[in-house]
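> For reference, the structure I am asking about is given below.
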Amino acid sequence: MSPGGEDEIGSDHMSTGGENPGGDNPGGAGSTSTGSGAATATAVEDIRLEIPVQRPRRAENFVALCFVVSVLATIGLAITYSLGGQVQAEGALLGLGLGGMGVGVAAWGKYLMPQGPFVEDRHELPKPESDRRAFGAAFSRGSVAVERRGFLGKLLGAAIGVFSIVGIFPFLRSLYNPRPGNALDFTFFRRGSRLVRIDGRPVMADDVDVGGVLTVFPEGHAGDAVSQTLLIRASSVPITTLPGRETWSPHGYLAYSKLCTHAGCPVSLYQQQVQQLLCPCHQSVFTLLNGARPIFGPAPRLLPQLPIMDNGDGFLRAQSDFQEPVGPGFWERNTSTTLNPPKTAAGQ
Ligand code: FES
């Protein structure tokens with residue numbers, strides 16, 4: 001500590017006549033001037049002050065670089081988010097922001113802090129005056145010889161601060177973004193929509209063999225994830241339809257939403273022998289011939305069925321949209337085919 005209070009932390013040479021035995025090891029040793037009136041020059045030989053690297057400046061630079069990377073990545077995240085967002089970029093920048101901070105703090109602790117454990121012999125009390133002065137000097141120095149500890153601390157503060165500010169962006173955006181409204185209740189199927197393949201070609205009534213299966217979409221929206229529908233020709237087995245659905249299955253065709261009612265995975269496996277549909281995600285099984293009722297697994301309700309028709313021109317068409325929302329349940333949903341529909345007040 002300089003007489004005028006100037007902090008010489010990290011200076012390898014803090015001497016009033018002592019040699020500098022620390023050399024490149026600023027934390028290890030040095031001699032300290034204790035200022036006016038305390039002219040005792042006391043060597044600070046305390047292994048507890050040593051840091052575990054020979055070149056602390058390098059370690060400091062590395063820690064500073066980590067914090068700078070974190071700040072820049074977080075600012076980049078804010079910009080990307082403000083411009084509309086891009087999931088992969090946001091994920092990478094978020095990882096850099098958090099990772100830079102984490103690696104910086106870890107490196108700081110690992111390379112720039114004294115590493116214990118330490119064993120200290122018991123000393124006679126009271127301590128000699130020289131030891132007490134040495135301790136005071138070391139304490140004033142901040143115990144470790146990191147030259148730019150304040151600078152690193154500010155960088156770490158900046159990284160945390162910027163990250164905290166950017167963290168409220170999603171909340172701010174939620175304030176002005178509209179809610180989905182009833183957009184989740186509908187697909188693109190309309191009365192008269194032709195069923196088309198993924199390549200847009202319309203499906204004719206005799207295109208699918210008995211026992212065959214095809215993924216279809218509403219015309220003009222081939223590939224739409226929400227509208228994707230399984231079209232199955234169920235063979236000549238009498239189809240057990242739910243009440244009110246007697247006209248929904250011309251030529252033995254059954255059309256069910258492909259989105260599992262559990263978590264929305266595609267129900268993609270048709271087991272022809274047992275006339276069942278299987279969702280591979282969590283093994284929900286739906287009976288094909290009875291309204292796609294779930295008989296196993298976590299799916300809570302029937303797959304929505306698309307009413308289809310053949311109005312004489314050979315094309316398969318939708319009679320209407322699905323009669324209920326497709327996919328997994330969500331709040332505000334009004335559905336009629338839950339397995340255990342809530343009782344009405346009158347029915348209780
Ligand atoms: S998403 Fe189909 S069973 Fe879970």
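Note on naming: chains are A, B, ... as they come in the structure tokens, residues start from 1 per chain, ligands start from 1 in the order shown.
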Using only C-alpha atoms and all ligand atoms, find each residue with an atom at most 8 Å away from ligand 1 and format the answer as a ChimeraX atom specification.

/A:259-267,278-285,297-299

> Among stretch 136-336 of chain A, which ones does DSSP assign to strand (DSSP E) (computed from the backbone)? Answer as a PyMOL selection string.

chain A and resi 195-196+213-218+229-233+253-257+269-271+276-278+285-287+293-296+308-310+316-318

> Contacts between stretch 164-188 of chain A and stretch 237-327 of chain A, please, where a residue of stretch 237-327 of chain A counts if it comes within 8 Å (with only C-alpha atoms); show its shortest atom pair and distance in Å to one decimal, rows by chain and ascending number, as CSV.


```
residue,atom,partner,partner_atom,distance
A:Asp321,CA,A:Thr187,CA,6.6
A:Phe322,CA,A:Thr187,CA,7.4
A:Glu324,CA,A:Asp185,CA,6.9
A:Pro325,CA,A:Asp185,CA,4.5
A:Val326,CA,A:Asp185,CA,7.2
```

> Just the number, please: distance in Å from atom CA of A:Arg148 to atom CA of A:Gly100, one decimal.

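Going from atom CA of A:Arg148 over to atom CA of A:Gly100 covers 18.5 Å.
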
> Using only C-alpha atoms, which residue out of A:Val274, A:Leu316, A:Val105, A:Leu96 lies closest to A:Ser193?

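Of the candidates, the smallest distance to A:Ser193 is held by A:Leu316.
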
> Find the spatial neighbours of stretch 228-232 of chain A, counting only C-alpha atoms, within a cut-off of 6 Å - ignore same-chain residues fewer than 3 positions away - and output them as a VMD selection string.

chain A and resid 212 to 217 225 253 to 258

> Between atom CA of A:Gly153 and atom CA of A:Glu60, what is the distance, to one decimal in Å?

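Answer for the atom CA of A:Gly153 to atom CA of A:Glu60 separation: 11.1 Å.
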
> Near A:Leu112, counting only C-alpha atoms, which residues have an atom at most 6 Å away, once you skip same-chain residues fewer than 2 positions from it, shown as a list in words?

Ile51, Trp108 and Gly109 of chain A

> Go ahead and write the residues just picked, N, CA, C and O atoms, as a PDB file, in the first residue's frame.


```
ATOM      1  N   ILE A  51      -1.461 -17.547  -5.984  1.00  0.00           N
ATOM      2  CA  ILE A  51      -2.442 -18.047  -6.939  1.00  0.00           C
ATOM      3  C   ILE A  51      -1.771 -19.116  -7.771  1.00  0.00           C
ATOM      4  O   ILE A  51      -0.545 -19.121  -7.921  1.00  0.00           O
ATOM      5  N   TRP A 108     -11.896 -17.690 -13.041  1.00  0.00           N
ATOM      6  CA  TRP A 108     -11.480 -16.746 -12.001  1.00  0.00           C
ATOM      7  C   TRP A 108     -11.199 -17.502 -10.703  1.00  0.00           C
ATOM      8  O   TRP A 108     -10.170 -17.326 -10.055  1.00  0.00           O
ATOM      9  N   GLY A 109     -12.130 -18.339 -10.328  1.00  0.00           N
ATOM     10  CA  GLY A 109     -11.954 -19.090  -9.093  1.00  0.00           C
ATOM     11  C   GLY A 109     -10.805 -20.077  -9.174  1.00  0.00           C
ATOM     12  O   GLY A 109     -10.074 -20.286  -8.213  1.00  0.00           O
TER      13      GLY A 109
END
```

> Calculate how many Å separate atom CA of A:Ile160 from atom CA of A:Ala64, rounding to one decimal.

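One can read the atom CA of A:Ile160 to atom CA of A:Ala64 distance as 13.5 Å.
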
> Considering only C-alpha atoms, tabulate each residue of stretch 280-330 of chain A that lies at most 12 Å from stretch 218-222 of chain A along with its nearest interatomic pair and the corresponding distance in Å to one decimal; arrange the rows by chain and ascending residue number and present them as CSV.


```
residue,atom,partner,partner_atom,distance
A:Leu306,CA,A:Pro218,CA,10.9
A:Ile308,CA,A:Pro218,CA,11.3
A:Phe315,CA,A:Glu219,CA,11.4
A:Leu316,CA,A:Pro218,CA,10.5
A:Arg317,CA,A:Pro218,CA,8.6
A:Ala318,CA,A:Pro218,CA,8.1
A:Gln319,CA,A:Pro218,CA,11.5
A:Ser320,CA,A:Pro218,CA,10.7
A:Asp321,CA,A:Pro218,CA,9.5
A:Phe322,CA,A:Pro218,CA,11.5
```

> Selected residues, all heavy atoms, written as a PDB file, in the first residue's frame, please.


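Okay, result.pdb is ready:
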```pdb
ATOM      1  N   LEU A 306     -62.339 -36.343 -39.590  1.00  0.00           N
ATOM      2  CA  LEU A 306     -62.722 -35.416 -40.653  1.00  0.00           C
ATOM      3  C   LEU A 306     -63.864 -36.037 -41.460  1.00  0.00           C
ATOM      4  O   LEU A 306     -63.720 -37.136 -42.008  1.00  0.00           O
ATOM      5  CB  LEU A 306     -61.531 -35.156 -41.577  1.00  0.00           C
ATOM      6  CG  LEU A 306     -61.790 -34.186 -42.728  1.00  0.00           C
ATOM      7  CD1 LEU A 306     -61.904 -32.752 -42.215  1.00  0.00           C
ATOM      8  CD2 LEU A 306     -60.677 -34.280 -43.781  1.00  0.00           C
ATOM      9  N   ILE A 308     -65.736 -36.816 -44.602  1.00  0.00           N
ATOM     10  CA  ILE A 308     -65.399 -36.708 -46.025  1.00  0.00           C
ATOM     11  C   ILE A 308     -66.570 -37.187 -46.885  1.00  0.00           C
ATOM     12  O   ILE A 308     -67.516 -37.814 -46.391  1.00  0.00           O
ATOM     13  CB  ILE A 308     -64.123 -37.506 -46.362  1.00  0.00           C
ATOM     14  CG1 ILE A 308     -64.249 -38.961 -45.919  1.00  0.00           C
ATOM     15  CG2 ILE A 308     -62.912 -36.879 -45.729  1.00  0.00           C
ATOM     16  CD1 ILE A 308     -63.025 -39.800 -46.271  1.00  0.00           C
ATOM     17  N   PHE A 315     -63.485 -37.384 -56.759  1.00  0.00           N
ATOM     18  CA  PHE A 315     -62.519 -36.828 -55.796  1.00  0.00           C
ATOM     19  C   PHE A 315     -63.059 -36.966 -54.378  1.00  0.00           C
ATOM     20  O   PHE A 315     -64.263 -36.790 -54.133  1.00  0.00           O
ATOM     21  CB  PHE A 315     -62.245 -35.340 -56.072  1.00  0.00           C
ATOM     22  CG  PHE A 315     -61.531 -35.096 -57.373  1.00  0.00           C
ATOM     23  CD1 PHE A 315     -62.195 -34.512 -58.445  1.00  0.00           C
ATOM     24  CD2 PHE A 315     -60.190 -35.438 -57.519  1.00  0.00           C
ATOM     25  CE1 PHE A 315     -61.532 -34.284 -59.635  1.00  0.00           C
ATOM     26  CE2 PHE A 315     -59.533 -35.213 -58.718  1.00  0.00           C
ATOM     27  CZ  PHE A 315     -60.195 -34.639 -59.783  1.00  0.00           C
ATOM     28  N   LEU A 316     -62.170 -37.241 -53.482  1.00  0.00           N
ATOM     29  CA  LEU A 316     -62.554 -37.232 -52.073  1.00  0.00           C
ATOM     30  C   LEU A 316     -62.466 -35.791 -51.553  1.00  0.00           C
ATOM     31  O   LEU A 316     -61.474 -35.096 -51.788  1.00  0.00           O
ATOM     32  CB  LEU A 316     -61.636 -38.132 -51.249  1.00  0.00           C
ATOM     33  CG  LEU A 316     -61.739 -39.638 -51.540  1.00  0.00           C
ATOM     34  CD1 LEU A 316     -60.789 -40.426 -50.650  1.00  0.00           C
ATOM     35  CD2 LEU A 316     -63.172 -40.132 -51.329  1.00  0.00           C
ATOM     36  N   ARG A 317     -63.518 -35.384 -50.881  1.00  0.00           N
ATOM     37  CA  ARG A 317     -63.582 -34.000 -50.390  1.00  0.00           C
ATOM     38  C   ARG A 317     -63.993 -33.993 -48.924  1.00  0.00           C
ATOM     39  O   ARG A 317     -64.594 -34.947 -48.428  1.00  0.00           O
ATOM     40  CB  ARG A 317     -64.610 -33.180 -51.194  1.00  0.00           C
ATOM     41  CG  ARG A 317     -64.275 -33.046 -52.672  1.00  0.00           C
ATOM     42  CD  ARG A 317     -65.400 -32.345 -53.414  1.00  0.00           C
ATOM     43  NE  ARG A 317     -65.142 -32.288 -54.851  1.00  0.00           N
ATOM     44  CZ  ARG A 317     -64.537 -31.262 -55.454  1.00  0.00           C
ATOM     45  NH1 ARG A 317     -64.162 -30.204 -54.739  1.00  0.00           N
ATOM     46  NH2 ARG A 317     -64.324 -31.274 -56.757  1.00  0.00           N
ATOM     47  N   ALA A 318     -63.720 -32.885 -48.291  1.00  0.00           N
ATOM     48  CA  ALA A 318     -64.155 -32.716 -46.905  1.00  0.00           C
ATOM     49  C   ALA A 318     -65.578 -32.198 -46.880  1.00  0.00           C
ATOM     50  O   ALA A 318     -65.968 -31.369 -47.712  1.00  0.00           O
ATOM     51  CB  ALA A 318     -63.238 -31.742 -46.191  1.00  0.00           C
ATOM     52  N   GLN A 319     -66.355 -32.726 -45.962  1.00  0.00           N
ATOM     53  CA  GLN A 319     -67.700 -32.168 -45.779  1.00  0.00           C
ATOM     54  C   GLN A 319     -67.637 -30.845 -45.014  1.00  0.00           C
ATOM     55  O   GLN A 319     -68.529 -30.001 -45.135  1.00  0.00           O
ATOM     56  CB  GLN A 319     -68.565 -33.144 -44.987  1.00  0.00           C
ATOM     57  CG  GLN A 319     -68.880 -34.454 -45.705  1.00  0.00           C
ATOM     58  CD  GLN A 319     -69.887 -35.281 -44.940  1.00  0.00           C
ATOM     59  OE1 GLN A 319     -70.784 -34.730 -44.295  1.00  0.00           O
ATOM     60  NE2 GLN A 319     -69.763 -36.595 -44.996  1.00  0.00           N
ATOM     61  N   SER A 320     -66.590 -30.698 -44.211  1.00  0.00           N
ATOM     62  CA  SER A 320     -66.422 -29.486 -43.406  1.00  0.00           C
ATOM     63  C   SER A 320     -65.029 -29.572 -42.775  1.00  0.00           C
ATOM     64  O   SER A 320     -64.264 -30.491 -43.077  1.00  0.00           O
ATOM     65  CB  SER A 320     -67.484 -29.418 -42.300  1.00  0.00           C
ATOM     66  OG  SER A 320     -67.253 -30.452 -41.350  1.00  0.00           O
ATOM     67  N   ASP A 321     -64.726 -28.638 -41.929  1.00  0.00           N
ATOM     68  CA  ASP A 321     -63.511 -28.760 -41.122  1.00  0.00           C
ATOM     69  C   ASP A 321     -63.753 -29.838 -40.060  1.00  0.00           C
ATOM     70  O   ASP A 321     -64.879 -30.354 -39.915  1.00  0.00           O
ATOM     71  CB  ASP A 321     -63.202 -27.414 -40.451  1.00  0.00           C
ATOM     72  CG  ASP A 321     -61.789 -27.353 -39.862  1.00  0.00           C
ATOM     73  OD1 ASP A 321     -61.030 -28.322 -40.021  1.00  0.00           O
ATOM     74  OD2 ASP A 321     -61.460 -26.316 -39.247  1.00  0.00           O
ATOM     75  N   PHE A 322     -62.712 -30.190 -39.321  1.00  0.00           N
ATOM     76  CA  PHE A 322     -62.906 -31.048 -38.151  1.00  0.00           C
ATOM     77  C   PHE A 322     -63.936 -30.384 -37.235  1.00  0.00           C
ATOM     78  O   PHE A 322     -64.030 -29.151 -37.180  1.00  0.00           O
ATOM     79  CB  PHE A 322     -61.588 -31.241 -37.394  1.00  0.00           C
ATOM     80  CG  PHE A 322     -60.569 -32.063 -38.136  1.00  0.00           C
ATOM     81  CD1 PHE A 322     -59.589 -31.457 -38.915  1.00  0.00           C
ATOM     82  CD2 PHE A 322     -60.589 -33.444 -38.051  1.00  0.00           C
ATOM     83  CE1 PHE A 322     -58.658 -32.214 -39.593  1.00  0.00           C
ATOM     84  CE2 PHE A 322     -59.642 -34.216 -38.724  1.00  0.00           C
ATOM     85  CZ  PHE A 322     -58.676 -33.600 -39.502  1.00  0.00           C
TER      86      PHE A 322
END
```

> Considering only C-alpha atoms, can you say which of A:Ala292, A:Ala159, A:Asp131, A:Pro117 comes closest to A:Ala73?

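So, comparing all the options, the nearest one is A:Ala159.
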
> Identify which of the residues A:Val68, A:Leu289, A:Val119, A:Ile295 lies closest to A:Leu242, counting only C-alpha atoms when measuring atom-to-atom distances.

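Smallest separation from A:Leu242 among the options: A:Leu289.
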